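A short write-up of the structure that comes next.
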Amino acid sequence: MIIIGMNAGLFLILLTGCSGKSPTPPSPPLPEVEVITVTTQMIQDEPEFIGQTEAFRPVEIRSQVSGIIKKVFFTEGRNVKKGDQLYLIDPVPFRAIYLSSKARVAQAQARLDLAKQDLARVRPLLEQQAVSKKNVDDAQAELLSAKAALEAAQNDLIKAKFDLDNTLITAPVNGRIGRSHFYEGRLISAQTTLLTTIDQLDPMYVNVSVPESYLLRRRREIAEHKVERPDIFQLRGVMTFSDGSVYPEEGVLDFADVALRPETGTLQGRFVFPNPEGSFSPGQSYFYPGQFVKIRVKGYTRTSAILIPQRAVQQGPSGSFVYVIDKEQRAESRPIRASVWRGKEWLIEEGLHPGERVVVEGFYRILPGVQVNAISHQQEKNPSASHVEESTMQNVP
């Protein structure tokens with residue numbers, strides 16, 4: 001009887017176990033991601049272009065007379081001042097021509113004086129009928145001829161004096177003189193032979209080439225009131241050298257070409273930069289003609305810019321995209337167009353709107369359509385880092 005009771009109890013236990021439901025396991029937690037809320041702000045829009053430096057006044061030194069170089073006064077590659085002696089062309093033949101012209105002027109003056117005296121003598125005699133009318137006419141003609149001869153002699157003297165003076169070639173401007181192409185004893189031709197050049201280095205020009213695509217985009221942005229700018233000739237430029245150093249003086253746009261260059265499809269602009277050290281000894285100036293530099297243009301303002309951290313922008317087969325969290329807390333892949341890198345942030349041209357939430361941390365936990373737990377991203381509060389980022393933004397467009 002005891003055995004039967006035990007079997008019945010065991011049967012009831014088994015029956016109870018089979019009829020009961022197993023406990024439901026807990027659902028996994030939602031993946032946690034950090035997000036930022038998209039906002040708009042006003043920022044300085046500072047595009048950057050490649051430029052090349054150019055002397056403010058590259059002056060070619062040529063002789064006004066033909067002759068043999070007698071002496072070279074300057075030291076090549078040094079600074080010269082306006083009026084400094086550069087070359088001496090052998091002045092002997094020019095001095096002889098000058099003295100001969102001077103003598104012809106004196107001769108013509110004497111002839112004119114004699115013609116005046118002859119006319120003064122024959123005019124009263126004509127009234128007394130002591131001479132014929134032809135005698136007076138001849139005296140008058142001689143006077144006019146003497147005046148013309150004197151004027152011709154005087155003009156020859158001016159030309160001879162000009163040639164003699166130009167045997168000494170002087171510097172027309174302040175600047176730095178280059179190598180001399182000819183030296184003592186060389187025969188040179190007037191106005192054709194290039195002797196040397198002088199580059200005026202204060203101020204200096206920087207020429208930049210602006211692509212047509214940029215001009216069209218900028219015009220569209222200004223028309224849509226996305227970008228504001230002052231008068232074009234109030235735009236300023238910041239120059240960066242090839243080693244990353246920044247020139248301490250700002251330049252001003254002073255020229256924009258009137259037509260695009262068909263071979264490159266660019267418009268040339270020119271900035272003028274002060275260069276007070278251009279008058280210093282060689283090797284002490286910041287820059288020289290012919291250098292390639294970067295010019296960051298200041299003056300444009302973007303009124304409703306959207307900036308997001310660089311790490312929020314992902315790259316896919318179709319281009320750049322970000323993860324946006326919708327109202328249902330689901331992740332959405334959103335294609336965007338990021339145009340300019342500003343320090344640690346991208347400037348977003350298309351794809352995002354104010355108020356949307358963008359993922360900045362936790363990308364490996366999500367896929368498009370997955371529900372997530374979005375929390376606000378805490379910005380770093382490091383004064384030194386903020387200062388570095390600001391400095392970086394000044395050097396990277």
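Every chain in the structure tokens takes a letter, A first, then B, and so on in the order presented; its residues are numbered from 1, and the ligands are numbered from 1 following the presented order.
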Backbone-only DSSP, alpha helix (DSSP H) members of stretch 150-297 of chain A, as number ranges by chain: A: 150-165, 212-223
Save the residues we just selected, N, CA and C atoms, as a compact mmCIF listing (two decimals), in the first residue's frame?
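After the write, result.txt holds the following:
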```txt
# COMPACT_ATOMS: atom_id res chain seq x y z
N LEU A 150 68.50 126.99 -86.53
CA LEU A 150 68.77 127.05 -85.09
C LEU A 150 67.90 126.06 -84.32
N GLU A 151 66.62 125.96 -84.69
CA GLU A 151 65.75 125.00 -84.01
C GLU A 151 66.22 123.56 -84.23
N ALA A 152 66.64 123.25 -85.44
CA ALA A 152 67.14 121.90 -85.72
C ALA A 152 68.41 121.60 -84.92
N ALA A 153 69.30 122.59 -84.85
CA ALA A 153 70.53 122.40 -84.08
C ALA A 153 70.23 122.24 -82.60
N GLN A 154 69.27 122.99 -82.11
CA GLN A 154 68.90 122.86 -80.69
C GLN A 154 68.29 121.49 -80.40
N ASN A 155 67.47 120.97 -81.31
CA ASN A 155 66.90 119.64 -81.13
C ASN A 155 67.99 118.57 -81.16
N ASP A 156 68.95 118.73 -82.06
CA ASP A 156 70.08 117.79 -82.08
C ASP A 156 70.86 117.85 -80.77
N LEU A 157 70.96 119.03 -80.21
CA LEU A 157 71.68 119.17 -78.95
C LEU A 157 70.91 118.48 -77.81
N ILE A 158 69.59 118.60 -77.83
CA ILE A 158 68.78 117.92 -76.80
C ILE A 158 68.97 116.41 -76.90
N LYS A 159 68.94 115.89 -78.14
CA LYS A 159 69.12 114.44 -78.32
C LYS A 159 70.53 114.02 -77.89
N ALA A 160 71.53 114.82 -78.24
CA ALA A 160 72.90 114.49 -77.85
C ALA A 160 73.05 114.52 -76.32
N LYS A 161 72.41 115.50 -75.67
CA LYS A 161 72.48 115.58 -74.21
C LYS A 161 71.76 114.39 -73.57
N PHE A 162 70.63 114.00 -74.15
CA PHE A 162 69.88 112.85 -73.65
C PHE A 162 70.73 111.58 -73.74
N ASP A 163 71.37 111.37 -74.89
CA ASP A 163 72.20 110.18 -75.06
C ASP A 163 73.39 110.19 -74.10
N LEU A 164 74.00 111.34 -73.92
CA LEU A 164 75.14 111.44 -73.02
C LEU A 164 74.72 111.15 -71.58
N ASP A 165 73.59 111.72 -71.18
CA ASP A 165 73.12 111.47 -69.81
C ASP A 165 72.78 110.00 -69.59
N GLU A 212 36.00 78.01 -61.76
CA GLU A 212 34.67 78.47 -62.15
C GLU A 212 33.58 77.81 -61.32
N SER A 213 33.77 76.54 -60.95
CA SER A 213 32.77 75.84 -60.14
C SER A 213 32.57 76.53 -58.79
N TYR A 214 33.66 77.02 -58.21
CA TYR A 214 33.53 77.74 -56.94
C TYR A 214 32.77 79.05 -57.14
N LEU A 215 33.06 79.77 -58.22
CA LEU A 215 32.38 81.04 -58.47
C LEU A 215 30.88 80.84 -58.63
N LEU A 216 30.49 79.79 -59.36
CA LEU A 216 29.06 79.53 -59.57
C LEU A 216 28.39 79.13 -58.26
N ARG A 217 29.04 78.27 -57.48
CA ARG A 217 28.46 77.84 -56.20
C ARG A 217 28.33 79.02 -55.25
N ARG A 218 29.35 79.87 -55.22
CA ARG A 218 29.31 81.02 -54.32
C ARG A 218 28.21 82.00 -54.73
N ARG A 219 28.02 82.20 -56.03
CA ARG A 219 26.96 83.09 -56.48
C ARG A 219 25.59 82.54 -56.08
N ARG A 220 25.43 81.21 -56.19
CA ARG A 220 24.15 80.59 -55.81
C ARG A 220 23.90 80.72 -54.31
N GLU A 221 24.94 80.52 -53.50
CA GLU A 221 24.78 80.64 -52.05
C GLU A 221 24.43 82.07 -51.63
N ILE A 222 25.03 83.04 -52.29
CA ILE A 222 24.71 84.44 -51.97
C ILE A 222 23.28 84.77 -52.39
N ALA A 223 22.85 84.28 -53.55
CA ALA A 223 21.49 84.52 -54.01
C ALA A 223 20.47 83.87 -53.08
```
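Every protein, DNA or RNA residue with an atom at most 10 Å from A:Asp231, where only C-alpha atoms count and chain neighbours fewer than 3 positions away do not, is listed here: A:Gln234, A:Leu235, A:Gly299.
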So that I can check the secondary structure, give me every residue of stretch 73-245 of chain A assigned strand (DSSP E) by backbone DSSP, as a count of residues only. 40
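The space between atom CA of A:Lys116 and atom CA of A:Lys147 spans 9.9 Å.
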Worksheet item: Hey, can you check how far atom CA of A:Arg302 sits from atom CA of A:Gln41?
Response: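 Distance reported for this atom pair: 8.2 Å.
Distance check against A:Thr264 using only C-alpha atoms: of A:Pro211, A:Met239, A:Val322, A:Lys70, the minimum falls on A:Pro211.
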* Which residues come within 9 Å of A:Gly251, counting only C-alpha atoms, excluding same-chain residues fewer than 2 positions away, as a PyMOL selection string? -> chain A and resi 205-206+235-239+249+253+271-274
- [ ] Would you list the contacts of A:Tyr286 as number ranges by chain, taking every protein, DNA or RNA residue within 12 Å and counting only C-alpha atoms, but skipping same-chain residues closer than 2 positions in sequence?
- [x] A: 53, 201-204, 239-241, 245-249, 273-284, 288-289, 291, 293
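Using only C-alpha atoms, the protein and nucleic acid residues lying no more than 12 Å from A:Lys71, apart from those fewer than 4 places from it along its own chain, are Gly67, Gln85, Leu86, Tyr87, Leu88, Ile89, Asp90, Pro91, Thr167, Leu168, Ile169, Ser180, Phe182, Tyr183, Glu184, Gly185 and Arg186 of chain A.
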Using C-alpha atoms, can you export the residues from the last selection as a PDB file, in the first residue's frame?
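Now in again35.pdb:
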```pdb
ATOM      1  CA  GLY A  67      77.584 101.173 -76.782  1.00  0.00           C
ATOM      2  CA  GLN A  85      74.327 104.041 -60.261  1.00  0.00           C
ATOM      3  CA  LEU A  86      74.095 100.681 -62.050  1.00  0.00           C
ATOM      4  CA  TYR A  87      75.996 100.793 -65.399  1.00  0.00           C
ATOM      5  CA  LEU A  88      78.231 103.176 -67.298  1.00  0.00           C
ATOM      6  CA  ILE A  89      78.232 103.008 -71.100  1.00  0.00           C
ATOM      7  CA  ASP A  90      81.426 104.407 -72.660  1.00  0.00           C
ATOM      8  CA  PRO A  91      80.537 108.135 -72.799  1.00  0.00           C
ATOM      9  CA  THR A 167      75.350 106.523 -70.686  1.00  0.00           C
ATOM     10  CA  LEU A 168      74.998 106.429 -66.885  1.00  0.00           C
ATOM     11  CA  ILE A 169      72.157 104.029 -66.008  1.00  0.00           C
ATOM     12  CA  SER A 180      73.647  91.192 -64.503  1.00  0.00           C
ATOM     13  CA  PHE A 182      76.295  91.561 -69.292  1.00  0.00           C
ATOM     14  CA  TYR A 183      79.529  92.914 -67.886  1.00  0.00           C
ATOM     15  CA  GLU A 184      82.395  95.281 -68.797  1.00  0.00           C
ATOM     16  CA  GLY A 185      83.474  95.281 -72.426  1.00  0.00           C
ATOM     17  CA  ARG A 186      80.198  93.951 -73.839  1.00  0.00           C
TER      18      ARG A 186
END
```
Exercise for review: Find the residues near A:Ser318: any atom within 12 Å, counting only C-alpha atoms, skip ones fewer than 2 places away on the same chain, and give them as a list in words.
Suggested key: Gln314, Gln315, Gly316, Ser320, Phe321, Ser333, Arg334, Pro335, Ile336 and Arg337 of chain A
### Selected residue of minimal separation from A:Val324 among A:Thr266, A:Ser304, A:Gln371, A:Gln128, counting only C-alpha atoms
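Ranking A:Thr266, A:Ser304, A:Gln371, A:Gln128 by distance to A:Val324, first place goes to A:Gln371.
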Atom CA of A:Leu194 sits from atom CA of A:Val92 at a separation of 22.5 Å
**OP:** Pick out the residues sitting within 8 Å of stretch 121-124 of chain A, and hand them over as a list in words; count only C-alpha atoms, and ignore anything fewer than 3 positions along from it in its own chain.
**Re:** Gln117, Asp118, Glu127, Gln128, Val131, Asn135, Val136 and Ala139 of chain A
How would the residues just chosen look if you wrote them out with N, CA and C atoms as an mmCIF file, in the first residue's frame?
```cif
data_model
loop_
_atom_site.group_PDB
_atom_site.id
_atom_site.type_symbol
_atom_site.label_atom_id
_atom_site.label_comp_id
_atom_site.auth_asym_id
_atom_site.auth_seq_id
_atom_site.Cartn_x
_atom_site.Cartn_y
_atom_site.Cartn_z
ATOM 1 N N GLN A 117 70.203 141.249 -88.710
ATOM 2 C CA GLN A 117 70.872 142.522 -89.028
ATOM 3 C C GLN A 117 70.691 142.899 -90.498
ATOM 4 N N ASP A 118 70.821 141.901 -91.382
ATOM 5 C CA ASP A 118 70.650 142.182 -92.820
ATOM 6 C C ASP A 118 69.231 142.668 -93.110
ATOM 7 N N GLU A 127 62.189 151.588 -98.569
ATOM 8 C CA GLU A 127 61.346 152.790 -98.529
ATOM 9 C C GLU A 127 61.990 153.932 -99.332
ATOM 10 N N GLN A 128 63.327 153.961 -99.378
ATOM 11 C CA GLN A 128 64.042 154.991 -100.130
ATOM 12 C C GLN A 128 64.269 154.552 -101.574
ATOM 13 N N VAL A 131 66.966 149.783 -102.741
ATOM 14 C CA VAL A 131 67.071 148.335 -103.025
ATOM 15 C C VAL A 131 65.737 147.895 -103.594
ATOM 16 N N ASN A 135 65.392 142.064 -102.803
ATOM 17 C CA ASN A 135 66.429 142.076 -101.769
ATOM 18 C C ASN A 135 65.817 141.915 -100.369
ATOM 19 N N VAL A 136 64.706 142.580 -100.152
ATOM 20 C CA VAL A 136 64.040 142.450 -98.838
ATOM 21 C C VAL A 136 63.493 141.038 -98.661
ATOM 22 N N ALA A 139 66.254 138.693 -97.787
ATOM 23 C CA ALA A 139 66.678 138.861 -96.392
ATOM 24 C C ALA A 139 65.673 138.228 -95.433
#
```
